[in-house]
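**Student:** Please read through the structure below; I'll follow up with questions.
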Amino acid sequence: MSNEINLPDFIVIGAMKAGTTTLYEQLRRHPEIGMSREKETDFFVAEKNWKMGLDWYGAQFPASARLLGEASPNYTKAPAFGGVAGRIAGLIPHCKLIFVARDPVLRAQSHYRHAALSGQDVPVPEDLPGSPVWQHLIEASSYAAQLAPYLALFPAEQLLVLDFTELCEQPARSLSRVAAYLDVEDRWPGVAGAANSGESLAQLPEWLFRFRETRLAAGLKRALSPGVRGALKAGLQRERGRIAPGLDAGLTGQLAEGLAGDAARFRRLTGMDFADWQV
């Protein structure tokens with residue numbers, strides 16, 4: 001542990017819709033690791049929980065564990081959420097960082113589907129290009145750009161990049177890399193590939209997403225344990241899920257064109273080939 005106030009030794013900083021929930025669950029089960037009570041504390045996001053203060057953040061972690069960690073994909077969503085890398089470096093400069101990279105085009109598609117199923121105000125597919133939502137999808141999939149603020153403040157050896165495809169298809173191999181990086185035993189109970197969170201999202205009623213933004217919902221989230229909330233959520237799921245609009249070949253082609261330069265920079269940065277990517 002970092003000091004008397006529980007602070008993380010490592011943070012999974014993204015990317016959104018790239019297996020961070022699955023990775024969080026695997027890390028949570030490791031006997032040497034204590035993960036935050038909530039997967040996404042969003043503490044270092046000024047627009048979210050930075051105002052809650054250090055005592056609140058420390059209380060998110062278990063009192064005793066050899067290593068502490070959290071996973072908040074919003075930490076790599078600049079410029080929507082800026083200044084995150086600086087806040088982390090200022091508070092825990094020796095923190096290790098983990099980033100999971102998925103095909104940027106598929107990640108953006110999944111991000112859009114997530115937003116639509118969550119009841120967010122997003123344009124229909126044909127109106128996406130040129131919209132703020134389109135720009136945000138591009139930015140969140142621009143991995144080299146998202147990691148640049150971190151690499152300006154943290155040495156390269158404090159960043160581990162994982163391949164989403166490997167995490168899905170060869171989870172034991174990815175987790176062995178994580179174990180070596182964090183210096184823990186390569187022992188992972190119940191190893192499984194990445195789950196499809198979009199399917200369960202589609203089975204939830206739309207009113208739930210509006211309710212989650214209310215003050216009452218925030219109070220319930222603090223009062224109820226993750227297990228109880230998970231049980232309530234499971235009880236609301238419907239057998240037949242809602243359907244989100246998809247992006248056609250023309251739109252995915254535009255995404256690929258907009259992401260090609262950053263993908264090339266990201267390959268040079270990581271030395272990884274990501275041979276299955278569309279871009």
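Chains: A, B, ... in order of the structure tokens. Residues: from 1 per chain. Ligands: from 1, in order shown.
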List as a PyMOL selection string the protein and nucleic acid residues near range 164-172 of chain A, meaning an atom at most 12 Å away when only C-alpha atoms are counted, but skip any in the same chain fewer than 4 places from it.

**Tutor:** chain A and resi 14-23+26+99-104+106-107+176-179+186-196+274-277

**Student:** With only C-alpha atoms as the counted atoms, please give the residues lying no more than 6 Å from Phe266 in chain A, apart from itself and same-chain residues fewer than 3 positions off, as an NGL selection string.

**Tutor:** :A and (144 or 263 or 269)

**Student:** Generate the output file for the selected residues, all heavy atoms, as a PDB file, in the first residue's frame.

**Tutor:**
ATOM      1  N   ALA A 144      -2.887   6.670 -29.045  1.00  0.00           N
ATOM      2  CA  ALA A 144      -1.605   7.358 -28.901  1.00  0.00           C
ATOM      3  C   ALA A 144      -1.815   8.741 -28.295  1.00  0.00           C
ATOM      4  O   ALA A 144      -1.074   9.168 -27.400  1.00  0.00           O
ATOM      5  CB  ALA A 144      -0.902   7.466 -30.259  1.00  0.00           C
ATOM      6  N   ALA A 263      -3.542   5.296 -35.093  1.00  0.00           N
ATOM      7  CA  ALA A 263      -3.244   3.872 -34.972  1.00  0.00           C
ATOM      8  C   ALA A 263      -1.802   3.578 -35.371  1.00  0.00           C
ATOM      9  O   ALA A 263      -1.116   2.758 -34.731  1.00  0.00           O
ATOM     10  CB  ALA A 263      -4.214   3.055 -35.823  1.00  0.00           C
ATOM     11  N   LEU A 269       4.556   3.381 -30.959  1.00  0.00           N
ATOM     12  CA  LEU A 269       4.730   3.621 -29.535  1.00  0.00           C
ATOM     13  C   LEU A 269       4.865   2.324 -28.753  1.00  0.00           C
ATOM     14  O   LEU A 269       5.718   2.208 -27.863  1.00  0.00           O
ATOM     15  CB  LEU A 269       3.526   4.420 -29.011  1.00  0.00           C
ATOM     16  CG  LEU A 269       3.429   4.656 -27.504  1.00  0.00           C
ATOM     17  CD1 LEU A 269       4.520   5.605 -27.040  1.00  0.00           C
ATOM     18  CD2 LEU A 269       2.050   5.215 -27.151  1.00  0.00           C
TER      19      LEU A 269
END

**Student:** Point out the residue among A:Ser110, A:Ser131, A:Asn6, A:Ser72 with the least atom-to-atom distance to Gln60 in chain A, counting only C-alpha atoms.

**Tutor:** A:Asn6

**Student:** Which residues come within 12 Å of range 79-82 of chain A, counting only C-alpha atoms, excluding same-chain residues fewer than 3 positions away, as a tab-separated table (two decimals) with N, CA and C atoms, in the first residue's frame?

**Tutor:**
chain	number	residue	atom	x	y	z
A	42	ASP	N	-13.63	7.02	-10.76
A	42	ASP	CA	-13.61	8.31	-11.47
A	42	ASP	C	-13.09	9.44	-10.58
A	43	PHE	N	-12.24	9.10	-9.63
A	43	PHE	CA	-11.77	10.11	-8.68
A	43	PHE	C	-10.97	11.21	-9.35
A	44	PHE	N	-10.16	10.86	-10.32
A	44	PHE	CA	-9.25	11.84	-10.92
A	44	PHE	C	-9.91	12.66	-12.05
A	45	VAL	N	-11.20	12.47	-12.24
A	45	VAL	CA	-11.97	13.27	-13.21
A	45	VAL	C	-12.58	14.46	-12.47
A	46	ALA	N	-12.16	15.66	-12.83
A	46	ALA	CA	-12.63	16.86	-12.13
A	46	ALA	C	-14.14	16.99	-12.18
A	47	GLU	N	-14.73	16.62	-13.32
A	47	GLU	CA	-16.17	16.77	-13.49
A	47	GLU	C	-16.97	15.71	-12.74
A	48	LYS	N	-16.30	14.73	-12.16
A	48	LYS	CA	-17.00	13.64	-11.47
A	48	LYS	C	-16.64	13.64	-9.98
A	49	ASN	N	-15.65	12.87	-9.56
A	49	ASN	CA	-15.47	12.64	-8.12
A	49	ASN	C	-14.22	13.26	-7.49
A	50	TRP	N	-13.48	14.08	-8.22
A	50	TRP	CA	-12.31	14.75	-7.63
A	50	TRP	C	-12.70	15.57	-6.41
A	72	SER	N	-10.79	2.82	-14.18
A	72	SER	CA	-11.70	3.88	-14.61
A	72	SER	C	-11.39	4.28	-16.04
A	73	PRO	N	-12.13	3.75	-17.03
A	73	PRO	CA	-11.87	4.10	-18.43
A	73	PRO	C	-12.02	5.57	-18.75
A	74	ASN	N	-12.74	6.33	-17.91
A	74	ASN	CA	-12.85	7.77	-18.16
A	74	ASN	C	-11.52	8.49	-18.02
A	75	TYR	N	-10.51	7.82	-17.50
A	75	TYR	CA	-9.19	8.44	-17.36
A	75	TYR	C	-8.49	8.60	-18.70
A	76	THR	N	-9.01	7.97	-19.76
A	76	THR	CA	-8.44	8.18	-21.10
A	76	THR	C	-9.55	8.62	-22.05
A	85	ALA	N	-4.18	12.79	-16.10
A	85	ALA	CA	-2.81	12.29	-15.92
A	85	ALA	C	-2.05	13.14	-14.92
A	86	GLY	N	-2.23	14.45	-14.97
A	86	GLY	CA	-1.54	15.34	-14.04
A	86	GLY	C	-1.98	15.13	-12.60
A	87	ARG	N	-3.26	14.88	-12.39
A	87	ARG	CA	-3.75	14.64	-11.03
A	87	ARG	C	-3.20	13.33	-10.47
A	88	ILE	N	-3.16	12.30	-11.32
A	88	ILE	CA	-2.62	11.02	-10.85
A	88	ILE	C	-1.13	11.17	-10.54
A	132	PRO	N	-20.57	16.40	-32.34
A	132	PRO	CA	-19.72	16.26	-31.16
A	132	PRO	C	-19.58	14.81	-30.71
A	133	VAL	N	-20.63	14.02	-30.87
A	133	VAL	CA	-20.56	12.61	-30.49
A	133	VAL	C	-19.55	11.87	-31.37
A	135	GLN	N	-16.97	13.18	-32.87
A	135	GLN	CA	-15.65	13.62	-32.47
A	135	GLN	C	-15.19	12.92	-31.20
A	136	HIS	N	-16.11	12.73	-30.26
A	136	HIS	CA	-15.77	12.04	-29.02
A	136	HIS	C	-15.41	10.58	-29.28
A	137	LEU	N	-16.14	9.92	-30.17
A	137	LEU	CA	-15.83	8.53	-30.52
A	137	LEU	C	-14.42	8.43	-31.09
A	138	ILE	N	-14.07	9.37	-31.97
A	138	ILE	CA	-12.73	9.40	-32.57
A	138	ILE	C	-11.68	9.64	-31.49
A	139	GLU	N	-11.92	10.59	-30.63
A	139	GLU	CA	-10.94	10.94	-29.60
A	139	GLU	C	-10.69	9.78	-28.64
A	140	ALA	N	-11.76	9.11	-28.20
A	140	ALA	CA	-11.59	8.01	-27.26
A	140	ALA	C	-10.91	6.81	-27.89
A	142	SER	N	-8.46	7.23	-30.13
A	142	SER	CA	-7.12	7.70	-30.53
A	142	SER	C	-6.15	7.41	-29.39
A	145	ALA	N	-2.85	9.43	-28.76
A	145	ALA	CA	-3.14	10.76	-28.22
A	145	ALA	C	-3.58	10.69	-26.77
A	146	GLN	N	-4.36	9.68	-26.42
A	146	GLN	CA	-4.83	9.55	-25.05
A	146	GLN	C	-3.69	9.23	-24.08
A	149	PRO	N	-0.39	12.32	-22.61
A	149	PRO	CA	-0.22	13.05	-21.34
A	149	PRO	C	0.39	12.19	-20.24
A	150	TYR	N	0.10	10.89	-20.27
A	150	TYR	CA	0.68	9.99	-19.26
A	150	TYR	C	2.17	9.80	-19.50
